[in-house]
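Peer 1: Below are the structure tokens for one structure; questions will follow.
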Amino acid sequence: MKYAEVAVNAPAAQPRTFSYSIPPNLSLSVGHAVWVPFGPRLLQGVAFAISDQPQVSETREIAEAIDPHPILFPHQVELAKWIAERYLSSYFDAAALMLPPGFERKVLTYIHPADNISQTAMPALTEQQQKLLTIVQNKGKAELAELKKILGQKNLDAIVAQLVRKGLAVRTYQLQKVRVKPRMVSYLSLAVAAEVALEKAAELEGKGAKKQAELLRLLASEKSPVLLPEARRKLSFAPGTLQVLLRQGLIALDEVRMQRDPLAHRSFDFSVPPELTPAQDKVWSEIGAEMERMAFNPGALSAFLLHGVTGSGKTEIYLRALDKAISLGKKAIVLVPEIALTPQTISRFASRFPDRVAVLHSKLSPGEQFDEWQRIKDGEFDVVIGSRGAIFAPQPDLGLIVIDEEHEWTYKQEEQQPRYHAREVAIKLAKLTGSVVIMGSATPDTISYYRAQGGEFRLLELPQRIAGGEPFPLPLVEIVDLRKELAEGNRSIFSRSLAKSISAALQAREQVILFLNRRGTATFVQCRDCGFVLRCKRCDVSLTYHADADDLVCHQCNYRTKPVAICPNCLSRRIKFLGIGTQKVEEELARVFPGARLVRWDRDVTRGKYAHEKIMSKFLAHEADILIGTQMIAKGLDMPLVTLVGVINADIGLHLPDFHSGERTFQLLTQVAGRAGRSKMGGRVIIQSYTPEHYAIAAAAKHDYATFYKQEIAFRRQQNNPPFNRLARLLYIHTNAEKCRKEAERIYHLLEQERDSQGLADTTLIGPSPTFTQRVRGRFRYQIIIRSPAPLPLLSPINLPQGWAIDIDPVTLI
């Protein structure tokens, strides 16, 4: 008998599998999805290993395979193991990242009243038990989640268990309905010759079957099958009409699968490769030679860090690499940090490789994601383009992985387990598949650059910008000291230099980008008499005023309320709207430059499916003169008519209590400055700041990564922060502030004891302390930071209860 080690879709704090015997009639291999009994329920699982001996003495039998073919490649199973063990998640949660969209199905719990309940022999019930039983009896059966909404979640599981023990209720389990299926459409066609159909139509019409005759004539007149909904729209016939003709064998009804193509609405003009500059040619020679070597003699990791200034032609290197991969019989995955970048990246790749580009990201409908996943696994595309989740696309014969803007923190999954970093996953995937990795950025992540300096990655440089196929200087950057502006009486959000430059650009019919990494109109609302600030009821943050909706909005939980005219604390009417966001910038621009055409690009205006694409197209078509945006506009976009970039306030985020703050400020400023002067029209950048002397701002103004890196790495070495150590962040969330604090202290002492027992002298524990925003969505948050060369040995023996989240190698500490 054979046995399978199965990763089961059940809550698990640590990575582990469960042993099941394989029925004799079931052919199973690594990567198969299966149904397995787990307690009283039937759950999904993935076979991680097949062996002759189980890990336990008694096993249960696998119920059945979900699909006749393995759903994961063997290298994906190995990748899932690595992710689970590195980021401390369950094996199934790691494997779920690679499963087809809509695959996961929850097990729903239903409560039924027991049969033949005798009212005379009814045992004494509490008020809560009686209330629950009455609801269940009235409904016949009720889902547990529905009951929790009606009665509240407190003690409900225990009450249900009590009724079951008393014989008054029965628990049953049922799988959630399949959420995504292939889209099938019905086509009608003739099952007989057209002449026969027309003769039959005349006969039917004579008998009064007018609709049957009309349908036969319609199908006879068409050269190809007709969509059933289209035929119904034209003729308005009843279902019986169709059934009669089908029974008589006059027509055929066929179900055809229709692909939901996310690029069906777009067309792409074919483009030819430009001639490479000497710097590009040198870089490409190294990458091309390595791809040849890896294709025929795969070995150790082959990863390149491509450090190229903004506009230096990194994308052309990616395109050449894809062309090389295809010539070697390989395929590729290209990651971009933001969905906003996807349309432009797709356009560049699809114009060079028409009909061979797939796209995967969260703005696609579930059906589009499902169809793209299936077609990718079937090998229909040469390249998959998408945000971080696209690294898990089932791309066969993988030979190339490109990570554009590799420094971006959006490559880190922070919302749920496993909290992986797509760059690290890509490096591991490349090792498993023998692929080449190209990580490109004008502002490489400090850790990546350190690893390249140490020889783990091969560092390649593109030090010059290209315009029109020739080297071109980077835009000049001016730093405006806002302290001086205020001292000299300028209280506008635009410095005199920026206002003058905007006016000149508009007169020359050029385009302008204004950057402010903060949404809304006013960032807080305050009473000028008592100082009271309007705050979210559920979060420890001030409410931001959004003028377009006339709402006060919490940017943590989206709580909304209307502005007040009277202070709720002292009843004063002196309410002041303070601070600025992108909406305020838009209002001020409309007032100061009334003739300018404005467009805003932030999260508030990009909720629609094609919102990013529409804004980009509008600006590229010069239907707007000034683009106002948050960090979305700072990432890799190519806008040739932009000659001026203005940074409204460079200090936002600079002074947050996080050692990444200086690096992120430098990266954002350098990247947004890179949007100016990407054509021979040239460009200029104006950065407004209250701390112009800060090393991150000064280095960004000079496009000087080397100086920034030198100071940043010295700072991190002094503080023992990454890359000189690794970090782990333990976050505890609870509705009660005191219980939250006590639990954080309890785990801290456990970690202290474990550290001392293992003799981990180089491991530091920081905390426990409230997070930067202590309360979010009504829940309090405490954190413990572990700083260590290897945090996993300390964490592995600790059994963290529900409410704790672990983030290995976090990209933020606030």
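Identifiers in this document derive from the order of the structure tokens: chains are assigned A, B, ..., residues are numbered from 1 separately in each chain, and ligands are numbered from 1 in order of occurrence.
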Excluding same-chain residues fewer than 3 positions from Leu163 in chain A, what lies within 10 Å of it counting only C-alpha atoms, as number ranges by chain?
Peer 2: A: 111, 113-114, 125, 129-130, 132-133, 158-160, 166-171
Peer 1: Considering only C-alpha atoms, state which residue in the set A:Glu414, A:Glu380, A:Asp651, A:Asp445 is at the smallest distance from Ala805 in chain A.
Peer 2: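 Once distances to Ala805 in chain A are computed over only C-alpha atoms, the minimum belongs to A:Glu414.
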Peer 1: Kindly provide the residues of range 239-328 of chain A that approach range 661-671 of chain A to within 12 Å, each paired with its closest atom pair and their distance in Å to one decimal, based on only C-alpha atoms, listed by chain and increasing number, as a tab-separated table.
Peer 2:
```
residue	atom	partner	partner_atom	distance
A:Gly308	CA	A:Gln671	CA	11.6
A:Val309	CA	A:Gln671	CA	9.1
A:Thr310	CA	A:Gln671	CA	7.1
A:Gly311	CA	A:Gln671	CA	10.2
```
Peer 1: Output all heavy atoms for every residue in that selection, as a CSV table (one decimal), in the first residue's frame.
Peer 2:
```csv
chain,number,residue,atom,x,y,z
A,308,GLY,N,20.1,50.7,-13.1
A,308,GLY,CA,20.1,51.7,-14.2
A,308,GLY,C,19.3,52.9,-13.8
A,308,GLY,O,18.2,52.8,-13.3
A,309,VAL,N,19.8,54.1,-14.1
A,309,VAL,CA,19.1,55.3,-13.7
A,309,VAL,C,17.8,55.4,-14.5
A,309,VAL,O,17.5,54.6,-15.4
A,309,VAL,CB,19.9,56.6,-14.1
A,309,VAL,CG1,21.2,56.6,-13.3
A,309,VAL,CG2,20.2,56.7,-15.6
A,310,THR,N,16.8,56.2,-14.0
A,310,THR,CA,15.5,56.3,-14.7
A,310,THR,C,15.7,56.7,-16.2
A,310,THR,O,16.5,57.6,-16.5
A,310,THR,CB,14.7,57.4,-14.0
A,310,THR,OG1,15.4,58.6,-14.0
A,310,THR,CG2,14.3,56.9,-12.6
A,311,GLY,N,15.0,56.0,-17.0
A,311,GLY,CA,15.1,56.2,-18.5
A,311,GLY,C,16.3,55.7,-19.1
A,311,GLY,O,16.7,56.1,-20.2
```
Peer 1: Would you work out the distance separating CA of Tyr748 in chain A from CA of Pro768 in chain A, expressed in Å to one decimal?
Peer 2: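 Spanning CA of Tyr748 in chain A to CA of Pro768 in chain A is a straight-line distance of 6.7 Å.
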Peer 1: Looking only at the backbone, which of the residues in range 459-676 of chain A does DSSP tag as alpha helix (DSSP H), as a ChimeraX atom specification?
Peer 2: /A:482-487,496-507,582-592,611-620,661-673
Peer 1: Could you tell me how far CA of Ala728 in chain A sits from CA of Val541 in chain A, in Å to one decimal place?
Peer 2: 25.4 Å
Peer 1: So what do you get for CA of Lys680 in chain A versus CA of Ala596 in chain A, distance-wise?
Peer 2: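 Interatomic distance, CA of Lys680 in chain A to CA of Ala596 in chain A: 23.4 Å.
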Peer 1: Just the residues within 8 Å of Ile346 in chain A, please, counting only C-alpha atoms, with nothing from its chain fewer than 6 positions along; format it as a list in words.
Peer 2: Val357, Val359 and Ile385 of chain A
Peer 1: Excluding range 274-280 of chain A and residues on its chain fewer than 4 positions from it, collect all residues at most 9 Å away from it, counting only C-alpha atoms, and give them as an MDAnalysis selection string.
Peer 2: chainID A and resid 284:285 312:314 316:317 461:464 466 469:471
Peer 1: Suppose we keep N, CA and C atoms; can you now write the selection as a PDB file, in the first residue's frame?
Peer 2:
```
ATOM      1  N   TRP A 284      23.666  43.602 -21.922  1.00  0.00           N
ATOM      2  CA  TRP A 284      22.962  42.508 -22.583  1.00  0.00           C
ATOM      3  C   TRP A 284      23.907  41.347 -22.921  1.00  0.00           C
ATOM      4  N   SER A 285      25.141  41.644 -23.261  1.00  0.00           N
ATOM      5  CA  SER A 285      26.099  40.582 -23.580  1.00  0.00           C
ATOM      6  C   SER A 285      26.279  39.640 -22.391  1.00  0.00           C
ATOM      7  N   SER A 312      17.019  54.749 -18.510  1.00  0.00           N
ATOM      8  CA  SER A 312      18.282  54.255 -19.076  1.00  0.00           C
ATOM      9  C   SER A 312      18.093  53.069 -20.019  1.00  0.00           C
ATOM     10  N   GLY A 313      16.848  52.594 -20.188  1.00  0.00           N
ATOM     11  CA  GLY A 313      16.599  51.509 -21.134  1.00  0.00           C
ATOM     12  C   GLY A 313      16.603  50.125 -20.526  1.00  0.00           C
ATOM     13  N   LYS A 314      16.209  50.023 -19.259  1.00  0.00           N
ATOM     14  CA  LYS A 314      16.156  48.707 -18.604  1.00  0.00           C
ATOM     15  C   LYS A 314      15.105  47.812 -19.257  1.00  0.00           C
ATOM     16  N   GLU A 316      14.184  47.563 -22.324  1.00  0.00           N
ATOM     17  CA  GLU A 316      14.684  46.942 -23.548  1.00  0.00           C
ATOM     18  C   GLU A 316      15.545  45.717 -23.225  1.00  0.00           C
ATOM     19  N   ILE A 317      16.268  45.776 -22.120  1.00  0.00           N
ATOM     20  CA  ILE A 317      17.037  44.599 -21.690  1.00  0.00           C
ATOM     21  C   ILE A 317      16.080  43.460 -21.349  1.00  0.00           C
ATOM     22  N   GLU A 461      25.393  47.831 -14.500  1.00  0.00           N
ATOM     23  CA  GLU A 461      25.081  49.264 -14.392  1.00  0.00           C
ATOM     24  C   GLU A 461      24.670  49.845 -15.741  1.00  0.00           C
ATOM     25  N   LEU A 462      23.640  50.703 -15.707  1.00  0.00           N
ATOM     26  CA  LEU A 462      23.268  51.552 -16.846  1.00  0.00           C
ATOM     27  C   LEU A 462      23.264  52.987 -16.315  1.00  0.00           C
ATOM     28  N   PRO A 463      24.392  53.677 -16.381  1.00  0.00           N
ATOM     29  CA  PRO A 463      24.527  54.954 -15.680  1.00  0.00           C
ATOM     30  C   PRO A 463      23.971  56.165 -16.420  1.00  0.00           C
ATOM     31  N   GLN A 464      23.557  55.992 -17.695  1.00  0.00           N
ATOM     32  CA  GLN A 464      23.112  57.157 -18.465  1.00  0.00           C
ATOM     33  C   GLN A 464      21.684  56.997 -18.962  1.00  0.00           C
ATOM     34  N   ILE A 466      18.665  57.578 -21.684  1.00  0.00           N
ATOM     35  CA  ILE A 466      18.605  57.546 -23.153  1.00  0.00           C
ATOM     36  C   ILE A 466      17.375  58.322 -23.614  1.00  0.00           C
ATOM     37  N   GLY A 469      17.371  57.308 -28.545  1.00  0.00           N
ATOM     38  CA  GLY A 469      18.440  56.359 -28.848  1.00  0.00           C
ATOM     39  C   GLY A 469      19.827  56.852 -28.497  1.00  0.00           C
ATOM     40  N   GLU A 470      19.929  58.033 -27.888  1.00  0.00           N
ATOM     41  CA  GLU A 470      21.230  58.603 -27.547  1.00  0.00           C
ATOM     42  C   GLU A 470      21.286  58.969 -26.069  1.00  0.00           C
ATOM     43  N   PRO A 471      22.492  58.975 -25.477  1.00  0.00           N
ATOM     44  CA  PRO A 471      22.618  59.399 -24.082  1.00  0.00           C
ATOM     45  C   PRO A 471      22.085  60.818 -23.880  1.00  0.00           C
TER      46      PRO A 471
END
```
Peer 1: Have a look at A:Asp625, A:Glu203, A:Asp550, A:Asp704 and name the one nearest to Leu474 in chain A; count only C-alpha atoms.
Peer 2: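 Nearest candidate to Leu474 in chain A out of A:Asp625, A:Glu203, A:Asp550, A:Asp704: A:Asp704.
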Peer 1: Find the nearest atom pair between each residue of range 556-616 of chain A and range 494-514 of chain A for residues within 12 Å, count only C-alpha atoms, give distances in Å to one decimal, sort rows by chain and ascending number, and present the table as a Markdown table.
Peer 2:
```
| residue | atom | partner | partner_atom | distance |
| --- | --- | --- | --- | --- |
| A:Ile580 | CA | A:Phe494 | CA | 11.7 |
| A:Gly581 | CA | A:Leu514 | CA | 11.5 |
| A:Thr582 | CA | A:Leu514 | CA | 9.0 |
| A:Gln583 | CA | A:Leu514 | CA | 11.7 |
| A:Lys584 | CA | A:Phe494 | CA | 11.7 |
| A:Val585 | CA | A:Leu514 | CA | 8.5 |
| A:Glu586 | CA | A:Leu514 | CA | 9.5 |
| A:Glu588 | CA | A:Phe494 | CA | 9.0 |
| A:Leu589 | CA | A:Phe494 | CA | 9.2 |
| A:Val592 | CA | A:Ala499 | CA | 8.8 |
| A:Phe593 | CA | A:Ser503 | CA | 7.8 |
| A:Pro594 | CA | A:Ser503 | CA | 11.1 |
| A:Gly595 | CA | A:Leu506 | CA | 9.1 |
| A:Ala596 | CA | A:Leu506 | CA | 7.4 |
| A:Arg597 | CA | A:Leu506 | CA | 9.7 |
| A:Leu598 | CA | A:Val512 | CA | 9.7 |
| A:Val599 | CA | A:Ile513 | CA | 9.8 |
| A:Arg600 | CA | A:Leu514 | CA | 9.5 |
| A:Trp601 | CA | A:Leu514 | CA | 10.3 |
| A:Asp602 | CA | A:Leu514 | CA | 12.0 |
```
Peer 1: Find the residues near Ser224 in chain A: any atom within 10 Å, counting only C-alpha atoms, skip ones fewer than 2 places away on the same chain, and give them as a PyMOL selection string.
Peer 2: chain A and resi 187-190+219-222+226-227
Peer 1: Enumerate as a list of chain:residue names all residues of range 565-654 of chain A assigned to strand (DSSP E) by DSSP on the backbone, naming them with the chain letters and numbers the document uses.
Peer 2: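 Across range 565-654 of chain A, those assigned strand (DSSP E) are A:Ile575, A:Lys576, A:Phe577, A:Leu578, A:Leu598, A:Val599, A:Arg600, A:Trp601, A:Ile626, A:Leu627, A:Ile628, A:Gly629, A:Val642, A:Thr643, A:Leu644, A:Val645, A:Gly646, A:Val647.
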Peer 1: Which residues are close to Thr773 in chain A, i.e. within 8 Å by only C-alpha atoms, leaving aside same-chain residues fewer than 4 positions away? Reply as a VMD selection string.
Peer 2: chain A and resid 539 to 541 781 814
Peer 1: Can you pull out every residue within 9 Å of Thr433 in chain A, counting only C-alpha atoms, but drop anything in the same chain fewer than 6 positions away, and send it as number ranges by chain?
Peer 2: A: 75, 298, 397-399
Peer 1: Between A:Thr17, A:Asn490, A:Thr345, A:Thr410, which one has atoms that come closest to Ala422 in chain A, using only C-alpha atoms?
Peer 2: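 Checking each candidate against Ala422 in chain A, we get A:Thr410 as the closest.
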